[in-house]
Amino acid sequence: MLEIKNAVAVITGGASGIGLVTARYWLQQGGKVVIGDISEEALDRAVQTLDGDVVSVVVDVTREADASRLAKQAIASFGRIDLVAPFAGIIMDGLLVATDRETGKVKGKMSLEKFQRVVDINLTGVFLTVRECLEQMINHDCRGLICLVSSTGSLGTAGQINYSSTKAAMSVMPKVITAELFRRGLADRIRCAAIAPGYVRTPILENMNQKALEKILGDVPIGRLIEPEEVASLACEIFRNEALTGDVYYIHGGLRLGSRG
Ligand SMILES: NC(=O)c1ccc[n+]([C@@H]2O[C@H](COP(=O)([O-])OP(=O)(O)OC[C@H]3O[C@@H](n4cnc5c(N)ncnc54)[C@H](O)[C@@H]3O)[C@@H](O)[C@H]2O)c1
């Protein structure tokens, strides 16, 4: 079992929601954190609420140079990286093609920009953060976990072709990364897994159709949103328990998408 005390977490999307709560949880266990986010003001506000060894870095995860700077800053500040949590993510929901209820003809399409932006942040951004942090972890003989964040949306949610596609990618990456590290004799010290939450009480949900969300919540056996602390606790448990690697761990309160099953 690994210990969080004195361990270093690099968390993107660290100014809000699951990233911020994970940073707080990690600090409470005696760890150190580097939080990256795109908004300097949001980062400053987040740091005010955190107690302990915290470094904040303004990064746009879609930019290669920013991802590199983030990973190098973690080494410069704390000398190691134990947890990589590339949690920065967005939703921009819409239908692939929207038809007119009266004419039945197509009246709108998801724009390329709307599709591409979600891919850039949720997929390319994770690729860059993981690649840069992994390089530092290997070169500095670190031991720990790359913890991706997928979603129940990875199973396919109507209105989220962009988001669901990126989250499906997050479900396959742990297998790819674990297999590559295994081939190089590194998988015993650097692990990769994904957590896949259902609907978590964070600001990201404000961008969802609230009627659709209410309907979905009717299908959640525990009858409520997941708390971000519950997700942070799972990520930290996967970090501690070195038998957990290469797979996706769901946390959704029993949600069965589209059915009370
Ligand atoms: N909340 C949920 O219900 C839920 C469910 C499953 C998965 N997730 C995933 O969890 C992760 C965190 O989501 P959250 O709910 O905490 O959302 P959130 O909106 O509270 O936090 C996301 C953070 O990412 C940052 N961000 C956005 N674009 C960025 C960029 N280009 N560079 C750097 N930072 C950027 C935002 O500024 C924000 O602080 C996301 O990947 C999301 O898809 C959330």
# chains A, B, ... in the order shown; residues from 1 in each chain; ligands from 1
>>> select_by_dssp(residues="stretch 15-259 of chain A", states="alpha helix (DSSP H)", output="number ranges by chain")
A: 17-28, 40-48, 64-78, 112-119, 125-139, 161-183, 210-217, 228-240
>>> residues_around(residues="A:Leu181", least_positions_apart="6", cutoff="12 Å", atoms="only C-alpha atoms", output="VMD selection string")
chain A and resid 134 to 135 137 to 138 145 to 146 174 to 175 187 to 192 245 to 246
>>> residues_near_ligand(ligand="ligand 1", cutoff="7 Å", atoms="only C-alpha atoms and all ligand atoms", output="ChimeraX atom specification")
/A:12-19,36-39,59-62,87-91,121-122,149-152,196-205
>>> write_last_selection(atoms="N, CA and C atoms", output="tab-separated table (two decimals), in the first residue's frame")
chain	number	residue	atom	x	y	z
A	12	THR	N	-4.90	18.57	-12.86
A	12	THR	CA	-5.42	19.62	-13.74
A	12	THR	C	-6.93	19.75	-13.50
A	13	GLY	N	-7.46	20.92	-13.85
A	13	GLY	CA	-8.84	21.21	-13.47
A	13	GLY	C	-8.90	21.39	-11.96
A	14	GLY	N	-7.76	21.75	-11.38
A	14	GLY	CA	-7.63	21.81	-9.92
A	14	GLY	C	-8.28	23.02	-9.27
A	15	ALA	N	-8.82	23.93	-10.08
A	15	ALA	CA	-9.45	25.12	-9.50
A	15	ALA	C	-10.92	24.92	-9.18
A	16	SER	N	-11.48	23.78	-9.56
A	16	SER	CA	-12.92	23.61	-9.39
A	16	SER	C	-13.28	22.13	-9.22
A	17	GLY	N	-14.47	21.91	-8.71
A	17	GLY	CA	-15.11	20.59	-8.73
A	17	GLY	C	-14.27	19.45	-8.20
A	18	ILE	N	-14.23	18.37	-8.97
A	18	ILE	CA	-13.56	17.14	-8.52
A	18	ILE	C	-12.06	17.38	-8.32
A	19	GLY	N	-11.44	18.18	-9.20
A	19	GLY	CA	-10.01	18.46	-9.08
A	19	GLY	C	-9.69	19.19	-7.78
A	36	GLY	N	-3.20	22.72	-11.64
A	36	GLY	CA	-3.16	23.46	-12.89
A	36	GLY	C	-4.57	23.77	-13.34
A	37	ASP	N	-4.78	24.97	-13.85
A	37	ASP	CA	-6.09	25.30	-14.40
A	37	ASP	C	-5.92	26.48	-15.36
A	38	ILE	N	-6.95	26.71	-16.18
A	38	ILE	CA	-6.81	27.73	-17.22
A	38	ILE	C	-7.03	29.14	-16.70
A	39	SER	N	-7.78	29.27	-15.61
A	39	SER	CA	-8.11	30.61	-15.11
A	39	SER	C	-7.28	30.95	-13.88
A	59	VAL	N	-2.37	26.83	-16.67
A	59	VAL	CA	-2.10	26.01	-17.86
A	59	VAL	C	-3.36	25.88	-18.70
A	60	ASP	N	-3.15	25.87	-20.00
A	60	ASP	CA	-4.19	25.43	-20.91
A	60	ASP	C	-3.77	24.03	-21.33
A	61	VAL	N	-4.52	23.02	-20.90
A	61	VAL	CA	-4.09	21.64	-21.11
A	61	VAL	C	-3.99	21.26	-22.59
A	62	THR	N	-4.57	22.07	-23.46
A	62	THR	CA	-4.50	21.75	-24.89
A	62	THR	C	-3.16	22.19	-25.49
A	87	PHE	N	-7.71	16.02	-14.59
A	87	PHE	CA	-9.16	16.11	-14.42
A	87	PHE	C	-9.80	17.27	-15.18
A	88	ALA	N	-9.01	18.16	-15.81
A	88	ALA	CA	-9.62	19.26	-16.56
A	88	ALA	C	-10.55	18.69	-17.63
A	89	GLY	N	-11.76	19.20	-17.69
A	89	GLY	CA	-12.71	18.69	-18.67
A	89	GLY	C	-13.88	19.63	-18.82
A	90	ILE	N	-14.55	19.51	-19.97
A	90	ILE	CA	-15.74	20.35	-20.22
A	90	ILE	C	-16.83	19.52	-20.88
A	91	ILE	N	-18.05	20.05	-20.84
A	91	ILE	CA	-19.11	19.50	-21.69
A	91	ILE	C	-19.64	20.62	-22.57
A	121	ILE	N	-9.79	19.42	-25.19
A	121	ILE	CA	-9.57	19.51	-23.73
A	121	ILE	C	-9.63	18.13	-23.09
A	122	ASN	N	-10.69	17.36	-23.36
A	122	ASN	CA	-10.91	16.10	-22.63
A	122	ASN	C	-10.03	14.96	-23.12
A	149	VAL	N	-9.97	10.36	-15.60
A	149	VAL	CA	-11.39	10.42	-15.24
A	149	VAL	C	-12.25	10.19	-16.48
A	150	SER	N	-12.90	9.02	-16.47
A	150	SER	CA	-13.86	8.70	-17.52
A	150	SER	C	-15.23	9.17	-17.02
A	151	SER	N	-16.28	8.44	-17.32
A	151	SER	CA	-17.63	8.85	-16.91
A	151	SER	C	-18.59	7.73	-17.30
A	152	THR	N	-19.76	7.71	-16.66
A	152	THR	CA	-20.78	6.79	-17.16
A	152	THR	C	-21.16	7.18	-18.59
A	196	ALA	N	-14.74	6.32	-13.14
A	196	ALA	CA	-15.84	6.68	-14.04
A	196	ALA	C	-17.05	7.07	-13.20
A	197	PRO	N	-17.16	8.36	-12.90
A	197	PRO	CA	-18.29	8.80	-12.08
A	197	PRO	C	-19.60	8.89	-12.87
A	198	GLY	N	-20.67	8.81	-12.12
A	198	GLY	CA	-21.99	9.16	-12.66
A	198	GLY	C	-22.11	10.67	-12.58
A	199	TYR	N	-23.19	11.16	-12.02
A	199	TYR	CA	-23.41	12.60	-11.98
A	199	TYR	C	-22.98	13.16	-10.63
A	200	VAL	N	-21.95	14.03	-10.68
A	200	VAL	CA	-21.30	14.53	-9.47
A	200	VAL	C	-21.66	16.00	-9.26
A	201	ARG	N	-21.89	16.36	-8.01
A	201	ARG	CA	-22.32	17.74	-7.69
A	201	ARG	C	-21.17	18.73	-7.86
A	202	THR	N	-20.96	19.21	-9.10
A	202	THR	CA	-19.92	20.20	-9.39
A	202	THR	C	-20.47	21.21	-10.40
A	203	PRO	N	-19.75	22.32	-10.61
A	203	PRO	CA	-20.24	23.35	-11.55
A	203	PRO	C	-20.44	22.85	-12.98
A	204	ILE	N	-19.77	21.76	-13.39
A	204	ILE	CA	-19.89	21.30	-14.79
A	204	ILE	C	-21.36	20.98	-15.12
A	205	LEU	N	-22.11	20.54	-14.13
A	205	LEU	CA	-23.50	20.14	-14.38
A	205	LEU	C	-24.39	21.33	-14.72
>>> closest_residue(among="A:Leu217, A:Ala76, A:Ile251, A:Ala169", to="A:Glu229", atoms="only C-alpha atoms")
A:Ile251
>>> closest_residue(among="A:Gln160, A:Val118, A:Met110, A:Gly144", to="A:Met208", atoms="only C-alpha atoms")
A:Gln160
>>> select_by_dssp(residues="stretch 128-198 of chain A", states="strand (DSSP E)", output="VMD selection string")
chain A and resid 144 to 149 190 to 197
>>> atom_distance(atom1="atom CA of A:Ile35", atom2="atom CA of A:Val10")
6.0 Å
>>> atom_distance(atom1="atom CA of A:Glu230", atom2="atom CA of A:His252")
10.1 Å
>>> atom_distance(atom1="atom CA of A:Thr22", atom2="atom CA of A:Leu83")
11.0 Å
>>> closest_residue(among="A:Lys114, A:Lys167, A:Arg184, A:Arg80", to="A:Asp141", atoms="only C-alpha atoms")
A:Arg80
>>> residues_around(residues="A:Val8", least_positions_apart="3", cutoff="7 Å", atoms="only C-alpha atoms", output="list in words")
Gly31, Lys32, Val33, Arg80, Ile81, Asp82 and Leu83 of chain A
